[in-house]
file entry.pdb (PDB, C-alpha atoms)
ATOM      1  CA  MET A   1      81.964  79.735 111.231
ATOM      2  CA  ARG A   2      82.691  83.410 110.662
ATOM      3  CA  LEU A   3      82.821  85.407 113.891
ATOM      4  CA  ALA A   4      82.640  89.188 114.235
ATOM      5  CA  ILE A   5      84.327  90.388 117.415
ATOM      6  CA  PHE A   6      83.848  93.863 118.868
ATOM      7  CA  ALA A   7      85.426  95.664 121.829
ATOM      8  CA  ASP A   8      85.023  99.032 123.506
ATOM      9  CA  ILE A   9      81.753 100.198 121.949
ATOM     10  CA  HIS A  10      81.566 102.996 124.516
ATOM     11  CA  ALA A  11      77.984 104.004 123.805
ATOM     12  CA  ASN A  12      78.862 105.204 120.304
ATOM     13  CA  ARG A  13      75.721 104.421 118.361
ATOM     14  CA  GLN A  14      77.002 105.630 115.003
ATOM     15  CA  ALA A  15      80.183 103.555 115.210
ATOM     16  CA  PHE A  16      78.586 100.343 116.473
ATOM     17  CA  ALA A  17      75.752 100.473 113.943
ATOM     18  CA  ALA A  18      78.317 100.890 111.153
ATOM     19  CA  CYS A  19      80.372  97.959 112.475
ATOM     20  CA  LEU A  20      77.331  95.698 112.745
ATOM     21  CA  ASP A  21      76.390  96.495 109.149
ATOM     22  CA  ALA A  22      79.951  95.823 107.984
ATOM     23  CA  ALA A  23      80.183  92.565 109.930
ATOM     24  CA  ARG A  24      76.982  91.276 108.382
ATOM     25  CA  ALA A  25      78.247  92.299 104.947
ATOM     26  CA  HIS A  26      81.363  90.209 105.702
ATOM     27  CA  GLY A  27      79.135  87.204 106.398
ATOM     28  CA  ALA A  28      79.327  87.162 110.192
ATOM     29  CA  GLU A  29      77.438  84.199 111.632
ATOM     30  CA  ARG A  30      78.123  84.844 115.315
ATOM     31  CA  LEU A  31      78.857  88.042 117.229
ATOM     32  CA  ILE A  32      81.161  88.517 120.206
ATOM     33  CA  CYS A  33      81.368  91.623 122.429
ATOM     34  CA  LEU A  34      84.456  92.066 124.604
ATOM     35  CA  GLY A  35      82.996  94.650 126.953
ATOM     36  CA  ASP A  36      82.922  98.359 127.627
ATOM     37  CA  ILE A  37      79.526  98.656 126.044
ATOM     38  CA  VAL A  38      79.071 101.962 127.902
ATOM     39  CA  GLY A  39      81.225 104.886 129.011
ATOM     40  CA  TYR A  40      82.361 108.032 127.184
ATOM     41  CA  GLY A  41      79.610 108.058 124.537
ATOM     42  CA  ALA A  42      76.128 109.541 124.495
ATOM     43  CA  ASP A  43      73.898 106.558 123.662
ATOM     44  CA  PRO A  44      74.300 104.019 126.477
ATOM     45  CA  GLU A  45      70.648 102.938 126.477
ATOM     46  CA  TRP A  46      70.762 102.080 122.776
ATOM     47  CA  ALA A  47      74.127 100.336 123.112
ATOM     48  CA  VAL A  48      73.035  98.143 126.023
ATOM     49  CA  ASP A  49      69.684  97.319 124.433
ATOM     50  CA  THR A  50      71.446  96.383 121.198
ATOM     51  CA  VAL A  51      73.917  94.052 122.913
ATOM     52  CA  MET A  52      71.127  92.561 125.027
ATOM     53  CA  GLY A  53      69.228  91.771 121.840
ATOM     54  CA  LEU A  54      72.302  90.249 120.226
ATOM     55  CA  VAL A  55      72.911  88.049 123.283
ATOM     56  CA  ASP A  56      69.295  86.909 123.170
ATOM     57  CA  ASP A  57      69.988  85.850 119.579
ATOM     58  CA  GLY A  58      73.081  83.841 120.534
ATOM     59  CA  ALA A  59      75.888  86.381 120.756
ATOM     60  CA  VAL A  60      78.514  86.276 123.495
ATOM     61  CA  ALA A  61      79.391  89.239 125.736
ATOM     62  CA  VAL A  62      81.838  89.758 128.592
ATOM     63  CA  ILE A  63      82.127  92.649 131.026
ATOM     64  CA  GLY A  64      84.475  95.615 130.703
ATOM     65  CA  ASN A  65      85.699  97.985 133.383
ATOM     66  CA  HIS A  66      83.269 100.753 132.370
ATOM     67  CA  ASP A  67      80.388  98.274 132.454
ATOM     68  CA  HIS A  68      81.569  97.114 135.881
ATOM     69  CA  ALA A  69      81.770 100.695 137.149
ATOM     70  CA  ILE A  70      78.043 101.220 136.564
ATOM     71  CA  SER A  71      77.190  98.964 139.510
ATOM     72  CA  THR A  72      80.422  99.528 141.451
ATOM     73  CA  PRO A  73      80.789 103.146 142.623
ATOM     74  CA  SER A  74      84.145 102.297 144.205
ATOM     75  CA  GLU A  75      85.558 101.706 140.685
ATOM     76  CA  THR A  76      87.187 105.072 140.021
ATOM     77  CA  MET A  77      88.566 106.477 136.774
ATOM     78  CA  ASN A  78      89.981 109.737 135.492
ATOM     79  CA  ALA A  79      87.725 112.759 135.934
ATOM     80  CA  GLU A  80      86.222 112.797 132.439
ATOM     81  CA  ALA A  81      85.574 109.051 132.380
ATOM     82  CA  GLN A  82      84.048 109.271 135.856
ATOM     83  CA  MET A  83      81.697 112.051 134.778
ATOM     84  CA  ALA A  84      80.552 109.929 131.859
ATOM     85  CA  ILE A  85      79.985 106.910 134.105
ATOM     86  CA  GLU A  86      77.903 108.902 136.584
ATOM     87  CA  TRP A  87      75.840 110.371 133.747
ATOM     88  CA  THR A  88      75.408 106.906 132.217
ATOM     89  CA  ARG A  89      74.377 105.391 135.539
ATOM     90  CA  GLY A  90      71.457 107.797 135.659
ATOM     91  CA  ARG A  91      70.346 106.951 132.133
ATOM     92  CA  LEU A  92      70.179 103.167 132.361
ATOM     93  CA  SER A  93      67.174 101.194 133.554
ATOM     94  CA  VAL A  94      67.306  98.603 136.319
ATOM     95  CA  ALA A  95      67.224  95.821 133.712
ATOM     96  CA  GLN A  96      70.043  97.376 131.716
ATOM     97  CA  ARG A  97      72.215  97.826 134.810
ATOM     98  CA  ARG A  98      71.506  94.240 135.859
ATOM     99  CA  PHE A  99      72.502  92.959 132.428
ATOM    100  CA  LEU A 100      75.869  94.724 132.649
ATOM    101  CA  ALA A 101      76.486  93.599 136.231
ATOM    102  CA  GLU A 102      75.812  89.951 135.386
ATOM    103  CA  LEU A 103      78.162  89.734 132.408
ATOM    104  CA  PRO A 104      81.052  87.297 132.989
ATOM    105  CA  LEU A 105      84.694  88.378 133.139
ATOM    106  CA  THR A 106      85.714  85.733 130.603
ATOM    107  CA  ARG A 107      84.123  83.253 128.236
ATOM    108  CA  ARG A 108      85.768  80.181 126.707
ATOM    109  CA  GLU A 109      84.530  78.669 123.430
ATOM    110  CA  ASP A 110      86.430  75.754 121.918
ATOM    111  CA  ASP A 111      90.049  76.949 121.582
ATOM    112  CA  ARG A 112      89.174  80.638 122.046
ATOM    113  CA  LEU A 113      89.123  82.797 125.165
ATOM    114  CA  TYR A 114      87.277  86.120 125.296
ATOM    115  CA  VAL A 115      88.189  88.736 127.917
ATOM    116  CA  HIS A 116      88.061  92.511 128.116
ATOM    117  CA  SER A 117      91.516  93.302 129.500
ATOM    118  CA  GLU A 118      93.818  90.257 129.621
ATOM    119  CA  ALA A 119      93.765  86.690 130.890
ATOM    120  CA  SER A 120      96.104  86.638 133.886
ATOM    121  CA  HIS A 121      94.011  88.891 136.157
ATOM    122  CA  PRO A 122      90.844  89.846 134.270
ATOM    123  CA  ALA A 123      89.323  91.794 137.172
ATOM    124  CA  ARG A 124      92.378  94.027 137.591
ATOM    125  CA  TRP A 125      91.875  95.585 134.151
ATOM    126  CA  HIS A 126      95.542  95.527 133.124
ATOM    127  CA  TYR A 127      96.429  96.926 129.697
ATOM    128  CA  VAL A 128      98.365  94.929 127.115
ATOM    129  CA  ARG A 129     100.930  97.583 126.193
ATOM    130  CA  GLY A 130     103.662  95.342 124.784
ATOM    131  CA  THR A 131     105.150  91.863 124.562
ATOM    132  CA  SER A 132     105.720  91.415 128.304
ATOM    133  CA  ASP A 133     102.058  92.141 129.034
ATOM    134  CA  ALA A 134     101.013  89.874 126.179
ATOM    135  CA  ALA A 135     103.254  87.060 127.450
ATOM    136  CA  ARG A 136     101.714  87.300 130.919
ATOM    137  CA  SER A 137      98.255  86.949 129.415
ATOM    138  CA  LEU A 138      99.223  84.061 127.135
ATOM    139  CA  GLU A 139     100.898  82.163 129.969
ATOM    140  CA  ALA A 140      97.653  82.304 131.943
ATOM    141  CA  THR A 141      95.640  80.214 129.469
ATOM    142  CA  ASP A 142      96.039  77.249 127.152
ATOM    143  CA  ALA A 143      93.620  78.716 124.603
ATOM    144  CA  HIS A 144      94.977  78.787 121.067
ATOM    145  CA  VAL A 145      93.796  82.366 120.674
ATOM    146  CA  THR A 146      92.763  84.933 123.261
ATOM    147  CA  PHE A 147      90.785  88.008 122.232
ATOM    148  CA  CYS A 148      90.873  91.183 124.303
ATOM    149  CA  GLY A 149      90.355  94.926 124.005
ATOM    150  CA  HIS A 150      90.670  97.660 126.648
ATOM    151  CA  ILE A 151      93.625  99.580 125.198
ATOM    152  CA  HIS A 152      91.791 100.786 122.059
ATOM    153  CA  ARG A 153      94.747 100.061 119.760
ATOM    154  CA  PRO A 154      94.917  96.951 117.539
ATOM    155  CA  ALA A 155      97.835  94.551 117.892
ATOM    156  CA  LEU A 156      98.565  90.870 117.361
ATOM    157  CA  TYR A 157     100.953  88.795 119.487
ATOM    158  CA  SER A 158     102.001  85.165 119.424
ATOM    159  CA  MET A 159     104.047  82.834 121.617
ATOM    160  CA  SER A 160     105.924  79.784 120.339
ATOM    161  CA  ALA A 161     106.240  76.472 122.171
ATOM    162  CA  ALA A 162     109.637  77.754 123.347
ATOM    163  CA  ALA A 163     107.958  80.917 124.728
ATOM    164  CA  LYS A 164     109.418  83.156 122.027
ATOM    165  CA  MET A 165     107.190  86.174 121.462
ATOM    166  CA  THR A 166     106.331  87.949 118.232
ATOM    167  CA  SER A 167     104.243  91.090 117.832
ATOM    168  CA  PHE A 168     103.048  93.360 115.071
ATOM    169  CA  THR A 169     100.371  95.854 114.175
ATOM    170  CA  PRO A 170      98.023  94.120 111.728
ATOM    171  CA  THR A 171      97.258  95.634 108.346
ATOM    172  CA  ASN A 172      93.603  96.433 107.802
ATOM    173  CA  ASP A 173      91.674  93.984 105.618
ATOM    174  CA  VAL A 174      94.653  91.615 105.257
ATOM    175  CA  PRO A 175      93.924  88.136 106.681
ATOM    176  CA  VAL A 176      96.479  86.575 109.022
ATOM    177  CA  GLN A 177      96.470  82.837 109.636
ATOM    178  CA  LEU A 178      96.673  81.921 113.307
ATOM    179  CA  LEU A 179      99.042  79.011 112.861
ATOM    180  CA  GLY A 180      99.031  76.009 115.130
ATOM    181  CA  GLY A 181     102.105  75.459 117.248
ATOM    182  CA  ARG A 182     101.833  79.024 118.519
ATOM    183  CA  ARG A 183      99.345  80.650 120.867
ATOM    184  CA  TRP A 184      97.912  84.008 119.915
ATOM    185  CA  LEU A 185      96.663  87.152 121.593
ATOM    186  CA  ALA A 186      94.509  89.349 119.365
ATOM    187  CA  VAL A 187      94.125  92.830 120.834
ATOM    188  CA  LEU A 188      91.209  94.559 119.178
ATOM    189  CA  GLY A 189      90.968  98.221 118.405
ATOM    190  CA  SER A 190      87.916 100.094 119.644
ATOM    191  CA  VAL A 191      84.533 100.329 117.991
ATOM    192  CA  GLY A 192      83.546 103.564 119.670
ATOM    193  CA  GLN A 193      86.726 105.375 120.623
ATOM    194  CA  PRO A 194      89.849 104.399 118.613
ATOM    195  CA  ARG A 195      93.158 105.639 119.979
ATOM    196  CA  ASP A 196      95.629 104.667 117.274
ATOM    197  CA  GLY A 197      95.318 107.874 115.268
ATOM    198  CA  ASN A 198      92.653 106.492 112.942
ATOM    199  CA  PRO A 199      89.118 107.679 113.787
ATOM    200  CA  ALA A 200      87.465 104.836 111.856
ATOM    201  CA  ALA A 201      85.726 102.223 113.999
ATOM    202  CA  SER A 202      87.521  98.909 114.461
ATOM    203  CA  PHE A 203      86.491  95.276 114.770
ATOM    204  CA  VAL A 204      87.798  91.805 113.877
ATOM    205  CA  MET A 205      86.547  88.942 111.733
ATOM    206  CA  LEU A 206      87.642  85.359 112.458
ATOM    207  CA  ASP A 207      87.113  82.331 110.244
ATOM    208  CA  THR A 208      87.184  79.394 112.659
ATOM    209  CA  VAL A 209      87.809  76.862 109.855
ATOM    210  CA  SER A 210      90.736  78.540 108.082
ATOM    211  CA  ARG A 211      91.839  80.188 111.351
ATOM    212  CA  GLU A 212      92.271  83.475 109.534
ATOM    213  CA  ILE A 213      91.800  86.727 111.427
ATOM    214  CA  THR A 214      91.124  90.010 109.661
ATOM    215  CA  TYR A 215      91.230  93.427 111.304
ATOM    216  CA  CYS A 216      88.607  95.719 109.793
ATOM    217  CA  ARG A 217      88.127  99.502 109.885
ATOM    218  CA  VAL A 218      84.791 101.167 109.206
ATOM    219  CA  PRO A 219      84.300 104.887 108.526
ATOM    220  CA  TYR A 220      81.237 106.290 110.273
ATOM    221  CA  ASP A 221      79.616 109.637 111.023
ATOM    222  CA  VAL A 222      82.136 110.797 113.619
ATOM    223  CA  GLU A 223      80.735 114.339 113.690
ATOM    224  CA  ALA A 224      77.277 113.040 114.614
ATOM    225  CA  ALA A 225      78.697 110.960 117.463
ATOM    226  CA  ALA A 226      80.714 113.941 118.707
ATOM    227  CA  ASP A 227      77.687 116.220 118.485
ATOM    228  CA  ARG A 228      75.677 113.784 120.611
ATOM    229  CA  ILE A 229      78.341 113.921 123.327
ATOM    230  CA  ARG A 230      78.386 117.721 123.336
ATOM    231  CA  ALA A 231      74.580 117.979 123.270
ATOM    232  CA  ASN A 232      74.337 115.844 126.401
ATOM    233  CA  GLY A 233      76.742 118.008 128.373
ATOM    234  CA  LEU A 234      79.517 115.435 128.619
ATOM    235  CA  PRO A 235      83.164 116.615 128.720
ATOM    236  CA  PRO A 236      84.060 118.183 125.330
ATOM    237  CA  TRP A 237      87.324 116.229 125.075
ATOM    238  CA  LEU A 238      85.305 113.007 124.802
ATOM    239  CA  ALA A 239      83.837 114.438 121.598
ATOM    240  CA  ASP A 240      86.991 116.065 120.277
ATOM    241  CA  ARG A 241      89.110 112.941 120.572
ATOM    242  CA  LEU A 242      86.753 110.998 118.291
ATOM    243  CA  LEU A 243      87.735 113.274 115.414
ATOM    244  CA  ILE A 244      91.426 112.488 115.729
ATOM    245  CA  GLY A 245      91.284 108.876 116.890
ATOM    246  CA  ARG A 246      93.047 109.648 120.168
TER     247      ARG A 246
END
call {"tool": "encode", "arguments": {"input": "entry.pdb", "output": "structure tokens"}}
result
Amino acid sequence: MRLAIFADIHANRQAFAACLDAARAHGAERLICLGDIVGYGADPEWAVDTVMGLVDDGAVAVIGNHDHAISTPSETMNAEAQMAIEWTRGRLSVAQRRFLAELPLTRREDDRLYVHSEASHPARWHYVRGTSDAARSLEATDAHVTFCGHIHRPALYSMSAAAKMTSFTPTNDVPVQLLGGRRWLAVLGSVGQPRDGNPAASFVMLDTVSREITYCRVPYDVEAAADRIRANGLPPWLADRLLIGR
């Protein structure tokens, strides 16, 4: 089966629509969402409705910290993120807020684990910034491959049977085989707010038979997404950063 895996949509309609189109063009048979459906961007209603529809059709979704913050006012963030959350909270319907609140922290399928942040303490929203963080996550699960997002920068880590770590930044559109004998942590880039210097939206394809993972980048109408943020009175930096991928 070919899986398309998305993280950190952040209410960016233009980016997520482009990624969905690209995933279907790549032959995606099942869709996975690793959370942060909302936050930062200007189209939370559309983003939540879209993921709700995908889940109804068999997709998998887990909760992210921005999704969690919608129903948890005690979850605090930096000032700009907090402004976006409060604005988003007022836009979503009761059903949409309930959907976000009821998403699980993790989901296990076969030899794969899906989580927004990392596997050792999913509810603490730790970032995977390097090999020590990746090792902590890998040691917390026996899954062959764990998929996470949260940091908005793509990376791929593995741990050998002797606990030796490897890490690298994957090359776009170049498949990598997730070899047996090692356990893997695939950190996705962001659909809706990349922070690796490349403004193109990011997602991952996985072939569960060949065990090949491919990191994909999708150009989209960044200016339109930025204009939507400005038009809704959200902090200008949330729009400006889309243009530079930071």
call {"tool": "closest_residue", "arguments": {"input": "entry.pdb", "among": "A:Ala81, A:Val115, A:Cys216, A:Ala226", "to": "Tyr40 of chain A", "atoms": "all atoms listed in the file"}}
result
A:Ala81
call {"tool": "resolve_selection", "arguments": {"input": "entry.pdb", "expression": "the PyMOL selection byres ((chain A and resi 154) around 10)", "output": "PyMOL selection string"}}
result
chain A and resi 148-149+151-153+155-156+168-172+186-190+194-196+202-204+215
call {"tool": "write_last_selection", "arguments": {"input": "entry.pdb", "atoms": "C-alpha atoms", "output": "mmCIF file, in the coordinates of the input"}}
result
data_model
loop_
_atom_site.group_PDB
_atom_site.id
_atom_site.type_symbol
_atom_site.label_atom_id
_atom_site.label_comp_id
_atom_site.auth_asym_id
_atom_site.auth_seq_id
_atom_site.Cartn_x
_atom_site.Cartn_y
_atom_site.Cartn_z
ATOM 1 C CA CYS A 148 90.873 91.183 124.303
ATOM 2 C CA GLY A 149 90.355 94.926 124.005
ATOM 3 C CA ILE A 151 93.625 99.580 125.198
ATOM 4 C CA HIS A 152 91.791 100.786 122.059
ATOM 5 C CA ARG A 153 94.747 100.061 119.760
ATOM 6 C CA ALA A 155 97.835 94.551 117.892
ATOM 7 C CA LEU A 156 98.565 90.870 117.361
ATOM 8 C CA PHE A 168 103.048 93.360 115.071
ATOM 9 C CA THR A 169 100.371 95.854 114.175
ATOM 10 C CA PRO A 170 98.023 94.120 111.728
ATOM 11 C CA THR A 171 97.258 95.634 108.346
ATOM 12 C CA ASN A 172 93.603 96.433 107.802
ATOM 13 C CA ALA A 186 94.509 89.349 119.365
ATOM 14 C CA VAL A 187 94.125 92.830 120.834
ATOM 15 C CA LEU A 188 91.209 94.559 119.178
ATOM 16 C CA GLY A 189 90.968 98.221 118.405
ATOM 17 C CA SER A 190 87.916 100.094 119.644
ATOM 18 C CA PRO A 194 89.849 104.399 118.613
ATOM 19 C CA ARG A 195 93.158 105.639 119.979
ATOM 20 C CA ASP A 196 95.629 104.667 117.274
ATOM 21 C CA SER A 202 87.521 98.909 114.461
ATOM 22 C CA PHE A 203 86.491 95.276 114.770
ATOM 23 C CA VAL A 204 87.798 91.805 113.877
ATOM 24 C CA TYR A 215 91.230 93.427 111.304
#
call {"tool": "closest_residue", "arguments": {"input": "entry.pdb", "among": "A:Thr166, A:Asn198, A:Ser117, A:Gln177", "to": "Pro219 of chain A", "atoms": "all atoms listed in the file"}}
result
A:Asn198
call {"tool": "resolve_selection", "arguments": {"input": "entry.pdb", "expression": "the PyMOL selection byres ((chain A and resi 86-98) around 9)", "output": "PyMOL selection string"}}
result
chain A and resi 38-45+48-49+52+67+69-71+73+81-85+99-103+234
call {"tool": "closest_residue", "arguments": {"input": "entry.pdb", "among": "A:Ala201, A:Leu185, A:Ile213, A:Ile5", "to": "Glu29 of chain A", "atoms": "only C-alpha atoms"}}
result
A:Ile5
call {"tool": "residues_around", "arguments": {"input": "entry.pdb", "residues": "segment 18-23 of chain A", "least_positions_apart": "4", "cutoff": "10 Å", "atoms": "only C-alpha atoms", "output": "list in words"}}
result
Arg2, Leu3, Ala4, Ile5, Phe6, Ile9, Arg13, Gln14, Gly27, Ala28, Glu29, Arg30, Leu31, Val191, Gly192, Ala200, Ala201, Ser202, Phe203, Val204, Met205, Cys216, Arg217, Val218, Pro219, Tyr220 and Asp221 of chain A
call {"tool": "closest_residue", "arguments": {"input": "entry.pdb", "among": "A:Glu80, A:Asp111, A:Asn12, A:Ala123", "to": "His68 of chain A", "atoms": "all atoms listed in the file"}}
result
A:Ala123
call {"tool": "resolve_selection", "arguments": {"input": "entry.pdb", "expression": "the PyMOL selection byres ((chain A and resi 121) around 12)", "output": "list in words"}}
result
Leu105, Thr106, Val115, His116, Ser117, Glu118, Ala119, Ser120, Pro122, Ala123, Arg124, Trp125, His126, Tyr127, Val128, Asp133, Arg136, Ser137, Leu138, Glu139, Ala140 and Thr141 of chain A
call {"tool": "closest_residue", "arguments": {"input": "entry.pdb", "among": "A:Ala47, A:Ile63, A:Tyr157, A:Glu109", "to": "Ala15 of chain A", "atoms": "only C-alpha atoms"}}
result
A:Ala47
call {"tool": "atom_distance", "arguments": {"input": "entry.pdb", "atom1": "atom CA of Thr50 of chain A", "atom2": "atom CA of Ala11 of chain A"}}
result
10.4 Å
call {"tool": "closest_residue", "arguments": {"input": "entry.pdb", "among": "A:Arg112, A:Glu212, A:Gly180, A:Ala61", "to": "Phe147 of chain A", "atoms": "all atoms listed in the file"}}
result
A:Arg112
call {"tool": "atom_distance", "arguments": {"input": "entry.pdb", "atom1": "atom CA of Ser132 of chain A", "atom2": "atom CA of His144 of chain A"}}
result
18.1 Å
